[in-house]
Structures are given as C-alpha cells and as structure tokens.
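Worksheet: one structure, shown below.
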Amino acid sequence: MTTPLDPGLGLSQPEPEPEPEPQPEASPSVQPRRPRRVLFIALITLGAVLIVAGLAALGQELTRSATPAEAAAALQREIATRWERLPAGKIFPATVNYSDSEGTTLVARLVGIAPPASCRAALEPASYTLVRGRGCVTILRATYVDASGALASTVGVAVLKSPAAAAQAASIAGPLGPGDGLHAVTFDGTIASQFGDAARGAQGAVGTGPYLFLYTAGFTDGLPGTAAAAQEEQLNAFGNGIDSGLQAALTDHGKPCNMKDIKC
Amino acid sequence: MTNTVSRSVGFGEVNAAGALTAAGQLVQPVAGAAGQPAAAHFGRGRVGPIVVVPRDTAGIVAPAAVPLAALIGFLAASVTLVAGARRRRRRPVVTASPQTGGLDDYPA
C-alpha cells in the first residue's frame, strides 16, 4: 500500500519553498529622469516669464513719457542752443523797450548787428578774465541808440557753458571800470558812427541762464568816456534796460514739452 | 502861427518821454539795421529739435538682453527636452525579467 505520502512517486517530497514572485521593477531610467523633467519644465516656465517680462519692460521704455529730470535737461539744452536756433533779428530785435533812470518807459532802436566774435576779441583783457575758463563759446553783439538818439550802447551776449558759469562771471564783473568791459561796435554811416571804445562811459553785466548779458554805453556824438562817465546813471539805466529787454528771447520758456524745439 | 507846439510832444519836464521819442524820430538814426541781416543765424544755424526721451542705451539693452537670453534658454531647453524624449522612445523596452522561469527550472 502506498500511502498518499509515498515518496516513491516523487511527489511526497516536501515542496520547495515557492520563490517569491518577482516584483515588477521600476524602469531604472525613469527614477532619475523625473527631476530632470521637472527642472526642464521649470526652466521653460522661467524662460517664458522672463521673455514676457523683458518685452513688457522694453515696451514700457520705448513708449514711456519723459521724466521731469529728462524734461528739465532738455529745456536746459534748448536754452543753451537757442542762440543758434533764433535768427539774429529775434535775438536783437529792431526795437527794445527800456526804462530810463527816472523810470519812464522808452524805446531803443537797433543800429546794427555785428558778426559773432570770439570772447577774447570782443572783450577787454580785464573782462576776458571773467569768462576765461568758463566755456565761453562766442559773443554776439549789437548796438542800439536810445529814444532821443543821444545815447548808444553796444550789448553783448556771451554764450557760456552753464548757468552757474554765467552767474559767477556776472558776480565779479561789477568792479570793472567803464573801459574794461565789452568793446563797442561802431557802424559807419549811422547816428552811432562816433560811438567807439573811446566813448564808453559805463559798462555792466548780468547772467541769465548760460548767457552773460554785457553792455557798454556812451554818447552817440563820441563824447569821451571820461566825460560820459558823469552821466553814468543814465548810461547804466540805458544799457541795463536793453540787456533786460534781450533776456526774454534767449531764456524765457514754458513747459518743456509744449515748446517748439523740444520733442517729448 | 498855429500848431507849432504839440502837447503830445511837450518840452522836457512836461512830457520828457514824448520829447525824447520825437527827437529820436527827427534824427532818423537808423534807416535799416546795419551789419548782419536780421534773418541770419549765428553759430551752426538751424539746429534740430531736442528729443527729450533719448531712450538711453542701458535702458533698452538691459530689457532687450533679458528676453533674448530667455529665448535662447527656452529654445535650448526645448531642443534638449525633445531630443531626450526621442531617445527614450527609440530605446528597446525590457518586458520580462530573467527570474520568471517555467518547469524547466526544476531538477528532473
């Protein structure tokens, strides 16, 4: 008899321990790939964000309006170059209103406009020291006579490098004598043909913007400067009055962006 | 005689400004301004308008460089990603484990 556990059949032997089912392994390449993919996606997202941000910044830079500092700088540049932009007749108009020493408003008339001159050529050595080293580009000059035709004044506009330079130059111009300032410009064949350097009885200067407005005044009949200096008050009122009348054309301004020669 | 004295001109203290102006007109000092013509320009002459917003170079280059760099990075990342995906697709897939045997594994 065989027992059901007869080893002769070869089946009664204890069965070997079944080997554990092999667990399906994760693909060896998937595990390290995931962080790399996340990194790529992050980089792509970052790239897209930066592209949009950069384009937005670029668009803003190209379409933005002027800052107040930029507008102010443009205005300074416009004023500093206005002497080149305006025709001579706008800088030195045919008539200029001025107040005499008694405060009466009168009209001065233009005799002539001189060609632009170098600062050294247009100024006496004493007054040249005022502008030397302050970026003096040129001096524009014209001669006017007063309402009666008795007084003459050559006015000059020195173009300096900055408003500060003009203010400094004006502040040290005061003590100079009547013959130490601007050279007079004589126009032959006019009522002021006798007015020359020898007839200078007063001089002065005032700085406005980057311009130094100078004058030298005397009598049209050529009265020597020493004698003319006795009328210094009258001469100064006349010269100062013309200088004041000329300042507006070169330095007056409105809002920078509303001005003709400024593009905002 | 009539009209020899004009009250609008006056004399000295009466109407100083009128007297001076009338004297000036009598003298006729200027027939036309001498020297430079009134229409002439000094210096370089007509100068172009001033542009307030000069679009400063740094203000443009910096924002332009960022998207450019980002674009290059974006393209490089995209190319790398696509190339990697293709490589994985081409690689043969392992379907069976060498441990999964049949009855042959048992001793005869």
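Chain labels A, B, ... are given in the sequence in which chains occur in the structure tokens; within each chain residues are numbered consecutively from 1, and ligands are likewise numbered from 1 in the order shown.
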Shell around Ser153 in chain A at 9 Å using only C-alpha atoms, local window under 5 positions removed, as a tab-separated table (two decimals) with N, CA and C atoms, in the first residue's frame:
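Contents of the output file around.tsv:
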chain	number	residue	atom	x	y	z
A	142	ALA	N	25.41	143.74	-30.65
A	142	ALA	CA	24.63	144.68	-31.47
A	142	ALA	C	24.69	146.04	-30.79
A	143	THR	N	24.46	147.08	-31.55
A	143	THR	CA	24.47	148.43	-30.99
A	143	THR	C	23.08	149.06	-31.12
A	144	TYR	N	22.63	149.67	-30.06
A	144	TYR	CA	21.33	150.35	-30.02
A	144	TYR	C	21.55	151.82	-29.67
A	145	VAL	N	20.58	152.62	-30.06
A	145	VAL	CA	20.56	154.01	-29.59
A	145	VAL	C	19.28	154.25	-28.82
A	146	ASP	N	19.32	155.21	-27.91
A	146	ASP	CA	18.14	155.45	-27.08
A	146	ASP	C	17.08	156.21	-27.87
A	184	ALA	N	33.09	148.40	-27.90
A	184	ALA	CA	31.95	148.98	-28.61
A	184	ALA	C	32.02	148.58	-30.09
A	185	VAL	N	30.86	148.41	-30.69
A	185	VAL	CA	30.81	148.10	-32.13
A	185	VAL	C	30.28	149.34	-32.84
A	195	PHE	N	30.35	156.56	-31.96
A	195	PHE	CA	30.42	155.82	-30.71
A	195	PHE	C	31.41	154.65	-30.87
A	200	ARG	N	33.19	155.06	-24.38
A	200	ARG	CA	32.50	154.23	-23.39
A	200	ARG	C	32.51	154.89	-22.01
A	215	TYR	N	26.94	145.03	-21.46
A	215	TYR	CA	26.71	146.25	-22.22
A	215	TYR	C	27.85	147.21	-21.97
A	216	THR	N	28.03	148.08	-22.93
A	216	THR	CA	28.93	149.23	-22.74
A	216	THR	C	28.21	150.40	-23.40
A	217	ALA	N	28.13	151.52	-22.68
A	217	ALA	CA	27.29	152.63	-23.17
A	217	ALA	C	28.05	153.94	-23.18
A	218	GLY	N	27.62	154.83	-24.05
A	218	GLY	CA	28.22	156.16	-24.17
A	218	GLY	C	27.31	157.06	-24.99
A	219	PHE	N	27.91	158.14	-25.49
A	219	PHE	CA	27.12	159.09	-26.27
A	219	PHE	C	27.39	158.91	-27.76
A	220	THR	N	26.35	159.10	-28.54
A	220	THR	CA	26.49	158.88	-29.98
A	220	THR	C	27.40	159.91	-30.65
A	235	LEU	N	23.49	156.22	-18.36
A	235	LEU	CA	24.07	155.22	-19.28
A	235	LEU	C	23.79	153.79	-18.77
A	238	PHE	N	20.22	152.85	-19.34
A	238	PHE	CA	20.00	152.52	-20.76
A	238	PHE	C	20.56	151.13	-21.09
A	239	GLY	N	21.83	150.90	-20.70
A	239	GLY	CA	22.45	149.60	-21.01
A	239	GLY	C	21.75	148.45	-20.32
A	242	ILE	N	18.35	147.68	-21.95
A	242	ILE	CA	18.40	146.90	-23.20
A	242	ILE	C	18.73	145.44	-22.89
Proximity of chain A to chain B: per-residue shortest pair, 7 Å limit, only C-alpha atoms, as a tab-separated table:
residue	atom	partner	partner_atom	distance
A:Phe40	CA	B:Ala77	CA	6.3
A:Ile44	CA	B:Phe74	CA	5.4
A:Gly47	CA	B:Ala70	CA	4.7
A:Leu50	CA	B:Pro67	CA	5.8
A:Ile51	CA	B:Pro67	CA	4.1
A:Gly54	CA	B:Pro63	CA	4.9
A:Leu55	CA	B:Pro67	CA	6.6
A:Ala57	CA	B:Pro63	CA	5.8
A:Leu58	CA	B:Pro63	CA	5.4
A:Glu61	CA	B:Ile60	CA	6.8
A:Leu62	CA	B:Arg55	CA	6.7
A:Ala66	CA	B:Val53	CA	5.5
A:Glu70	CA	B:Val52	CA	6.0
A:Ala71	CA	B:Val52	CA	5.8
A:Ala74	CA	B:Val52	CA	5.5
A:Glu78	CA	B:Ile50	CA	6.8
A:Trp83	CA	B:Phe42	CA	6.8
A:Glu84	CA	B:Phe42	CA	5.2
A:Arg85	CA	B:Arg46	CA	5.2
A:Leu86	CA	B:His41	CA	6.5
A:Pro87	CA	B:His41	CA	4.6
A:Ala88	CA	B:Ala38	CA	5.0
A:Gly89	CA	B:Ala38	CA	3.9
A:Thr104	CA	B:Ala17	CA	6.7
A:Leu106	CA	B:Ala17	CA	6.6
A:Leu110	CA	B:Ala33	CA	6.2
A:Val111	CA	B:Ala33	CA	5.2
A:Gly112	CA	B:Ala34	CA	4.1
A:Ile113	CA	B:Gly35	CA	5.0
A:Ala114	CA	B:Gly35	CA	5.5
A:Pro115	CA	B:Gln36	CA	6.1
A:Pro116	CA	B:Phe42	CA	6.8
A:Ala147	CA	B:Thr21	CA	5.0
A:Ser148	CA	B:Gly24	CA	4.0
A:Gly149	CA	B:Gly24	CA	5.1
A:Phe187	CA	B:Ala34	CA	6.9
A:Thr190	CA	B:Pro29	CA	6.1
A:Ile191	CA	B:Pro29	CA	4.9
A:Asp261	CA	B:Pro49	CA	4.5
A:Ile262	CA	B:Ile50	CA	4.7
A:Lys263	CA	B:Val51	CA	4.8
A:Cys264	CA	B:Val52	CA	4.9
inquiry  = With only C-alpha atoms as the counted atoms, please give the residues lying no more than 8 Å from Gly156 in chain A, apart from itself and same-chain residues fewer than 6 positions off, as a PyMOL selection string.
reply    = chain A and resi 139-142+182+212-215
message = as JSON, numbers by chain, please: every residue in range 50-254 of chain A that DSSP puts in strand (DSSP E or B).
response = {"A": [87, 95, 96, 97, 98, 99, 105, 106, 107, 108, 109, 110, 111, 112, 113, 117, 123, 138, 139, 140, 141, 142, 143, 144, 145, 151, 152, 153, 154, 155, 156, 157, 158, 159, 182, 200, 201, 202, 203, 204, 205, 206, 207, 208, 211, 212, 213, 214, 215, 216, 217, 218, 219]}
Selection file, C-alpha atoms, as a short mmCIF file (atom, residue, chain, number, x, y, z; two decimals), in the first residue's frame:
data_model
loop_
_atom_site.label_atom_id
_atom_site.label_comp_id
_atom_site.auth_asym_id
_atom_site.auth_seq_id
_atom_site.Cartn_x
_atom_site.Cartn_y
_atom_site.Cartn_z
CA PRO A 87 17.66 134.37 -36.22
CA THR A 95 13.25 147.96 -31.04
CA VAL A 96 13.60 147.25 -27.33
CA ASN A 97 11.58 148.82 -24.54
CA TYR A 98 13.60 150.07 -21.61
CA SER A 99 13.16 152.27 -18.57
CA THR A 105 9.46 153.52 -20.47
CA LEU A 106 11.14 154.37 -23.74
CA VAL A 107 12.06 152.59 -26.94
CA ALA A 108 15.64 151.89 -28.04
CA ARG A 109 16.35 151.30 -31.70
CA LEU A 110 18.74 148.88 -33.28
CA VAL A 111 21.66 150.39 -35.20
CA GLY A 112 23.29 147.18 -36.33
CA ILE A 113 24.16 143.59 -35.53
CA ALA A 117 33.19 137.30 -32.30
CA LEU A 123 36.23 141.78 -24.52
CA THR A 138 31.24 133.23 -28.58
CA ILE A 139 29.92 136.73 -28.07
CA LEU A 140 27.05 138.13 -30.10
CA ARG A 141 26.89 141.91 -30.23
CA ALA A 142 24.63 144.68 -31.47
CA THR A 143 24.47 148.43 -30.99
CA TYR A 144 21.33 150.35 -30.02
CA VAL A 145 20.56 154.01 -29.59
CA LEU A 151 22.93 157.59 -26.11
CA ALA A 152 24.36 154.46 -27.67
CA SER A 153 25.03 151.08 -26.20
CA THR A 154 26.72 148.01 -27.55
CA VAL A 155 25.18 144.97 -25.93
CA GLY A 156 26.83 141.58 -25.98
CA VAL A 157 25.62 138.08 -25.24
CA ALA A 158 28.43 135.80 -24.10
CA VAL A 159 27.49 132.15 -24.52
CA LEU A 182 32.85 144.96 -23.89
CA ARG A 200 32.50 154.23 -23.39
CA GLY A 201 31.22 155.77 -20.17
CA ALA A 202 29.63 152.79 -18.41
CA GLN A 203 29.60 149.03 -18.53
CA GLY A 204 27.85 146.17 -16.80
CA ALA A 205 26.90 142.53 -16.96
CA VAL A 206 24.16 140.23 -15.76
CA GLY A 207 23.96 136.46 -16.01
CA THR A 208 20.76 134.74 -17.05
CA TYR A 211 24.29 133.65 -21.07
CA LEU A 212 26.21 136.63 -19.77
CA PHE A 213 24.48 139.81 -20.97
CA LEU A 214 27.00 142.64 -21.20
CA TYR A 215 26.71 146.25 -22.22
CA THR A 216 28.93 149.23 -22.74
CA ALA A 217 27.29 152.63 -23.17
CA GLY A 218 28.22 156.16 -24.17
CA PHE A 219 27.12 159.09 -26.27
#
request  = Please indicate the distance in Å from CA of Lys161 in chain A to CA of Arg134 in chain A, rounded to one decimal place.
outcome  = 6.3 Å
request  = Counting only C-alpha atoms, figure out which residue out of A:Glu233, A:Gly196, A:Leu39, A:Ile79 gets nearest to Asp252 in chain A.
outcome  = A:Ile79
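Between CA of Thr129 in chain A and CA of Phe92 in chain A the separation is 25.5 Å.
The spacing separating CA of Asp100 in chain A from CA of Asp197 in chain A amounts to 22.6 Å.
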task = From a DSSP pass on the backbone, collect the residues of range 18-258 of chain A flagged as helix (DSSP H, G or I) and hand them back as an NGL selection string.
result = :A and (30-63 or 68-80 or 82-85 or 88-91 or 119-122 or 125-131 or 163-171 or 197-199 or 225-251 or 256-258)
